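Coordinates from coords-v4.cif are shown below (mmCIF, C-alpha atoms).
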data_run
loop_
_atom_site.label_atom_id
_atom_site.label_comp_id
_atom_site.auth_asym_id
_atom_site.auth_seq_id
_atom_site.Cartn_x
_atom_site.Cartn_y
_atom_site.Cartn_z
CA MET W 1 0.00 0.00 0.00
CA GLU W 2 1.34 3.42 -0.96
CA SER W 3 1.75 5.86 1.92
CA ALA W 4 -0.02 9.21 1.77
CA LYS W 5 2.02 12.24 0.77
CA LYS W 6 2.91 14.83 3.37
CA LYS W 7 0.87 18.00 2.91
CA VAL W 8 2.43 21.39 3.62
CA VAL W 9 0.90 24.88 3.44
CA GLY W 10 2.63 28.23 3.32
CA LEU W 11 1.38 31.80 3.64
CA LEU W 12 3.43 34.60 2.10
CA CYS W 13 2.39 37.88 3.68
CA PHE W 14 3.25 41.13 1.90
CA THR W 15 3.20 44.65 3.26
CA GLU W 16 3.91 48.19 2.11
CA LEU W 17 7.03 49.28 3.97
CA PRO W 18 6.96 52.77 5.48
CA THR W 19 9.29 55.35 3.92
CA GLU W 20 11.75 55.12 6.83
CA LYS W 21 12.12 51.37 6.11
CA GLY W 22 12.77 51.95 2.39
CA GLY W 23 9.17 52.01 1.15
CA GLY W 24 7.60 49.72 -1.41
CA LEU W 25 6.02 46.30 -1.40
CA ALA W 26 7.90 43.67 0.62
CA ALA W 27 7.39 40.01 1.45
CA ILE W 28 7.64 39.07 5.12
CA LEU W 29 9.90 36.03 5.37
CA GLN W 30 10.40 33.83 8.40
CA VAL W 31 13.97 32.84 9.31
CA ARG W 32 14.28 29.21 10.37
CA GLY W 33 15.58 28.90 13.92
CA SER W 34 18.33 26.54 15.05
CA HIS W 35 16.10 24.32 17.23
CA ASN W 36 12.76 22.69 16.36
CA HIS W 37 10.79 22.64 19.59
CA GLU W 38 8.04 20.39 18.18
CA ARG W 39 10.52 17.65 17.28
CA GLU W 40 12.83 18.55 20.18
CA GLY W 41 15.91 18.56 17.99
CA PRO W 42 17.97 20.66 15.62
CA GLU W 43 16.07 22.45 12.85
CA SER W 44 16.97 21.45 9.31
CA PHE W 45 18.36 24.25 7.14
CA ALA W 46 18.63 26.64 10.11
CA GLY W 47 19.13 30.26 9.06
CA GLY W 48 17.31 29.67 5.79
CA CYS W 49 14.11 31.53 5.04
CA GLN W 50 10.60 30.36 4.36
CA ALA W 51 7.15 31.81 3.82
CA THR W 52 5.81 34.06 6.59
CA VAL W 53 3.99 30.97 7.87
CA ASN W 54 4.83 27.42 6.83
CA GLY W 55 3.95 24.00 8.16
CA SER W 56 2.47 20.56 7.77
CA LYS W 57 -1.25 19.96 7.68
CA MET W 58 -2.72 17.64 10.26
CA GLU W 59 -5.08 14.86 9.19
CA ASP W 60 -8.58 16.15 8.29
CA GLU W 61 -7.42 19.78 8.52
CA SER W 62 -8.25 22.25 5.72
CA ASP W 63 -5.53 24.48 4.29
CA ARG W 64 -7.10 27.50 5.98
CA GLN W 65 -7.28 25.73 9.37
CA ALA W 66 -3.64 24.69 9.03
CA LEU W 67 -2.60 28.25 8.15
CA ILE W 68 -4.44 29.67 11.16
CA ARG W 69 -2.91 27.07 13.51
CA GLU W 70 0.59 27.55 12.09
CA THR W 71 0.27 31.36 12.23
CA GLU W 72 -0.58 31.21 15.91
CA GLU W 73 2.25 28.74 16.65
CA GLU W 74 4.92 30.59 14.67
CA LEU W 75 3.97 34.28 14.91
CA GLY W 76 1.74 34.47 17.97
CA GLU W 77 -1.91 34.77 18.85
CA ALA W 78 -2.07 38.55 18.35
CA PHE W 79 -0.84 38.37 14.73
CA SER W 80 -3.12 35.39 14.05
CA LEU W 81 -6.14 37.28 15.41
CA GLU W 82 -5.16 40.35 13.40
CA LEU W 83 -5.22 38.27 10.21
CA LEU W 84 -8.58 36.71 11.08
CA THR W 85 -10.42 39.79 12.29
CA ASN W 86 -9.12 42.70 10.22
CA PRO W 87 -11.89 43.51 7.69
CA GLY W 88 -9.45 45.58 5.59
CA LEU W 89 -7.35 42.58 4.66
CA GLU W 90 -7.79 41.13 1.20
CA ASP W 91 -8.73 37.48 0.94
CA ILE W 92 -6.00 34.88 1.10
CA ARG W 93 -5.21 33.74 -2.46
CA LYS W 94 -3.59 30.51 -3.66
CA ILE W 95 -0.36 31.36 -5.49
CA ASN W 96 1.07 27.94 -6.40
CA GLN W 97 1.02 24.21 -5.75
CA VAL W 98 4.03 21.93 -6.12
CA GLU W 99 3.89 18.16 -5.87
CA THR W 100 6.78 15.71 -5.60
CA GLU W 101 6.90 11.98 -4.87
CA ARG W 102 6.82 12.71 -1.11
CA VAL W 103 5.05 16.00 -0.55
CA VAL W 104 2.32 18.36 -1.78
CA VAL W 105 3.04 22.03 -1.01
CA VAL W 106 0.41 24.74 -1.45
CA ASN W 107 1.40 28.39 -0.98
CA TYR W 108 -1.00 31.27 -0.42
CA THR W 109 -0.48 35.03 -0.38
CA LEU W 110 -1.98 37.93 1.53
CA ILE W 111 -1.29 41.67 1.82
CA VAL W 112 -1.31 42.99 5.40
CA PRO W 113 -0.96 46.55 6.73
CA TYR W 114 2.55 47.30 8.02
CA ASP W 115 1.28 48.01 11.54
CA CYS W 116 -0.05 44.44 11.61
CA THR W 117 3.60 43.26 11.59
CA GLN W 118 4.05 44.92 14.99
CA GLN W 119 1.77 42.19 16.40
CA ILE W 120 4.27 39.42 15.55
CA GLU W 121 5.53 37.47 18.56
CA LEU W 122 8.08 34.92 17.33
CA GLY W 123 7.45 31.30 18.29
CA GLN W 124 10.19 29.27 20.00
CA SER W 125 11.38 27.67 16.76
CA VAL W 126 11.46 30.91 14.71
CA GLY W 127 14.80 32.64 14.18
CA GLY W 128 13.38 36.01 13.12
CA ILE W 129 11.70 37.76 10.20
CA LYS W 130 13.13 39.55 7.17
CA PHE W 131 11.50 41.89 4.69
CA LEU W 132 12.29 41.14 1.04
CA THR W 133 11.56 43.62 -1.76
CA GLU W 134 11.11 42.72 -5.40
CA ALA W 135 14.50 44.26 -6.20
CA GLU W 136 16.09 41.66 -3.89
CA LEU W 137 14.54 38.64 -5.66
CA ALA W 138 17.66 38.11 -7.76
CA LYS W 139 19.73 37.63 -4.58
CA ILE W 140 17.74 34.59 -3.42
CA GLN W 141 19.67 31.33 -3.28
CA LYS W 142 18.25 27.81 -3.35
CA LEU W 143 18.02 26.47 0.20
CA ASP W 144 18.45 22.85 -0.82
CA ALA W 145 21.96 23.72 -2.10
CA PHE W 146 23.00 24.24 1.55
CA ASP W 147 23.92 21.47 3.98
CA ARG W 148 20.75 20.34 5.79
CA ASP W 149 22.52 20.11 9.18
CA ILE W 150 24.66 23.27 8.95
CA GLY W 151 22.08 25.49 7.28
CA VAL W 152 22.69 29.09 6.25
CA THR W 153 25.35 30.70 8.44
CA ASP W 154 25.61 34.11 6.71
CA ASP W 155 22.88 36.51 7.89
CA GLU W 156 23.11 38.41 4.59
CA VAL W 157 22.10 35.33 2.56
CA ILE W 158 18.43 34.79 1.75
CA ALA W 159 17.82 31.18 0.75
CA LEU W 160 14.45 29.47 0.20
CA PHE W 161 13.13 26.21 -1.22
CA ASP W 162 12.18 26.22 -4.92
CA ASP W 163 8.40 26.19 -4.36
CA GLN W 164 8.61 29.35 -2.25
CA ILE W 165 10.97 31.10 -4.68
CA GLU W 166 8.39 30.44 -7.41
CA ALA W 167 5.57 31.62 -5.12
CA LEU W 168 7.46 34.84 -4.30
CA GLN W 169 8.10 35.61 -7.97
CA LYS W 170 4.46 34.99 -8.94
CA ALA W 171 3.11 36.92 -5.96
CA PHE W 172 5.27 40.01 -6.59
CA LYS W 173 4.16 39.99 -10.22
CA GLN W 174 0.46 39.61 -9.32
CA HIS W 175 0.53 42.13 -6.47
CA ASN W 176 2.36 44.72 -8.56
CA ILE W 177 -0.20 44.31 -11.36
CA THR W 178 -3.04 44.49 -8.82
CA THR W 179 -1.70 47.56 -7.02
CA SER W 180 -0.75 49.40 -10.22
CA MET W 181 -4.24 48.91 -11.67
CA ALA W 182 -5.99 50.14 -8.51
#

Represent the structure from my file as structure tokens, please.
Amino acid sequence: MESAKKKVVGLLCFTELPTEKGGGLAAILQVRGSHNHEREGPESFAGGCQATVNGSKMEDESDRQALIRETEEELGEAFSLELLTNPGLEDIRKINQVETERVVVVNYTLIVPYDCTQQIELGQSVGGIKFLTEAELAKIQKLDAFDRDIGVTDDEVIALFDDQIEALQKAFKQHNITTSMA
């Protein structure tokens, strides 16, 4: 009997940076911490980046339920509630889906007000957050090119898995079209 594929969801949040932070549209990336508190062991690819929220779906959990749970675990209850209750937020949109022999990854995107980012309380396994502008897309490196156990040791390097690089590129393109037509 073939085993079921692991299902992972990601949420890429975008925000308009204030002028004093450089201005413009930016993705909010999560930096992978060095210790995974759920598995009680070292985090794989520590120092690498991922979507604002990223995690495995539990059995019988919808993508939206998984995103809400993961948001609360990784970025705190206040940020999670802000996403759920702010009527000014646009709807979460699916940006891509990637399937391999072992995993199905679905990434979503959402624009949030910058002041919403002040509600972020990093979970135990989160190493920090970084803002990434469209101009910085070319600097992204592939995370799977790094050693799984050593991770990314240079704080200036932004490295992500392929599915999230693709999601970032598509999302910047769609959001820039959307905002320029508004």

### Query
Counting only C-alpha atoms, what is within 10 Å of segment 148-158 of chain W, bar same-chain residues fewer than 5 positions away, as a ChimeraX atom specification?
/W:29,31-34,42-50,130,132,136-137,139-143

Expected file contents, prior selection, C-alpha atoms, as an mmCIF file, keeping the file's coordinate frame:
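Wrote it out as again.cif, contents follow:
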data_model
loop_
_atom_site.group_PDB
_atom_site.id
_atom_site.type_symbol
_atom_site.label_atom_id
_atom_site.label_comp_id
_atom_site.auth_asym_id
_atom_site.auth_seq_id
_atom_site.Cartn_x
_atom_site.Cartn_y
_atom_site.Cartn_z
ATOM 1 C CA LEU W 29 9.900 36.030 5.370
ATOM 2 C CA VAL W 31 13.970 32.840 9.310
ATOM 3 C CA ARG W 32 14.280 29.210 10.370
ATOM 4 C CA GLY W 33 15.580 28.900 13.920
ATOM 5 C CA SER W 34 18.330 26.540 15.050
ATOM 6 C CA PRO W 42 17.970 20.660 15.620
ATOM 7 C CA GLU W 43 16.070 22.450 12.850
ATOM 8 C CA SER W 44 16.970 21.450 9.310
ATOM 9 C CA PHE W 45 18.360 24.250 7.140
ATOM 10 C CA ALA W 46 18.630 26.640 10.110
ATOM 11 C CA GLY W 47 19.130 30.260 9.060
ATOM 12 C CA GLY W 48 17.310 29.670 5.790
ATOM 13 C CA CYS W 49 14.110 31.530 5.040
ATOM 14 C CA GLN W 50 10.600 30.360 4.360
ATOM 15 C CA LYS W 130 13.130 39.550 7.170
ATOM 16 C CA LEU W 132 12.290 41.140 1.040
ATOM 17 C CA GLU W 136 16.090 41.660 -3.890
ATOM 18 C CA LEU W 137 14.540 38.640 -5.660
ATOM 19 C CA LYS W 139 19.730 37.630 -4.580
ATOM 20 C CA ILE W 140 17.740 34.590 -3.420
ATOM 21 C CA GLN W 141 19.670 31.330 -3.280
ATOM 22 C CA LYS W 142 18.250 27.810 -3.350
ATOM 23 C CA LEU W 143 18.020 26.470 0.200
#

Enumerate, in order of chain and increasing residue number, the residues of segment 69-132 of chain W with an atom no farther than 12 Å from segment 172-175 of chain W, each with its shortest atom pair and distance in Å to one decimal, counting all atoms listed in the file, as a tab-separated table.
residue	atom	partner	partner_atom	distance
W:Glu90	CA	W:His175	CA	11.4
W:Arg93	CA	W:Gln174	CA	10.7
W:Lys94	CA	W:Gln174	CA	11.5
W:Ile95	CA	W:Gln174	CA	9.1
W:Thr109	CA	W:His175	CA	9.4
W:Leu110	CA	W:His175	CA	9.4
W:Ile111	CA	W:His175	CA	8.5
W:Leu132	CA	W:Phe172	CA	10.4

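Of the residues under consideration (W:Thr100, W:Gln169, W:Gln124, W:Gln119), W:Thr100 shows the shortest atom-to-atom contact distance to Ala4 of chain W when counting only C-alpha atoms.
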
### Task
Counting all atoms listed in the file, figure out which residue out of W:Ser125, W:Thr117, W:Asn36, W:Ser56 gets nearest to Leu83 of chain W.
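Of all the options, W:Thr117 lies closest to Leu83 of chain W.
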
### Query
For the file shown, what are the residues hit by the PyMOL selection byres ((chain W and resi 12) around 8), laid out as a list in words?
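When the PyMOL selection byres ((chain W and resi 12) around 8) is applied to the shown file, the picked residues are Gly10, Leu11, Cys13, Phe14, Ala27, Ile28, Leu29, Ala51, Thr52, Val53, Asn107, Tyr108, Thr109, Leu110 and Leu168 of chain W.
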
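Residue nearest Glu99 of chain W within the list W:Asp147, W:Asp163, W:Asp60, W:Glu74: W:Asp163 [criterion: smallest interatomic distance, all atoms listed in the file].
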
### Task
Would you kindly return, as a PyMOL selection string, each protein, DNA or RNA residue with an atom no farther than 12 Å from any atom of Ile68 of chain W, considering only C-alpha atoms and excluding same-chain residues fewer than 2 positions away?
chain W and resi 9-11+53-57+61-66+70-85+92

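Atom CA of Glu134 of chain W is positioned 8.8 Å from atom CA of Gly24 of chain W.
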
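Between atom CA of Val126 of chain W and atom CA of Glu101 of chain W the separation is 27.6 Å.
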
### Task
Mind giving me the straight-line distance from atom CA of Asp144 of chain W to atom CA of Leu160 of chain W in Å, one decimal?
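Atom CA of Asp144 of chain W sits 7.8 Å away from atom CA of Leu160 of chain W.
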
#### Entry: Selected residue of minimal separation from Gln118 of chain W among W:Ala138, W:Thr15, W:Glu59, W:Gly41, counting only C-alpha atoms
W:Thr15

### Message
Considering all atoms listed in the file, can you say which of W:Leu17, W:Gln97, W:Phe131, W:Asp91 comes closest to Lys170 of chain W?
### Response
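For Lys170 of chain W, the nearest of the candidates is W:Gln97.
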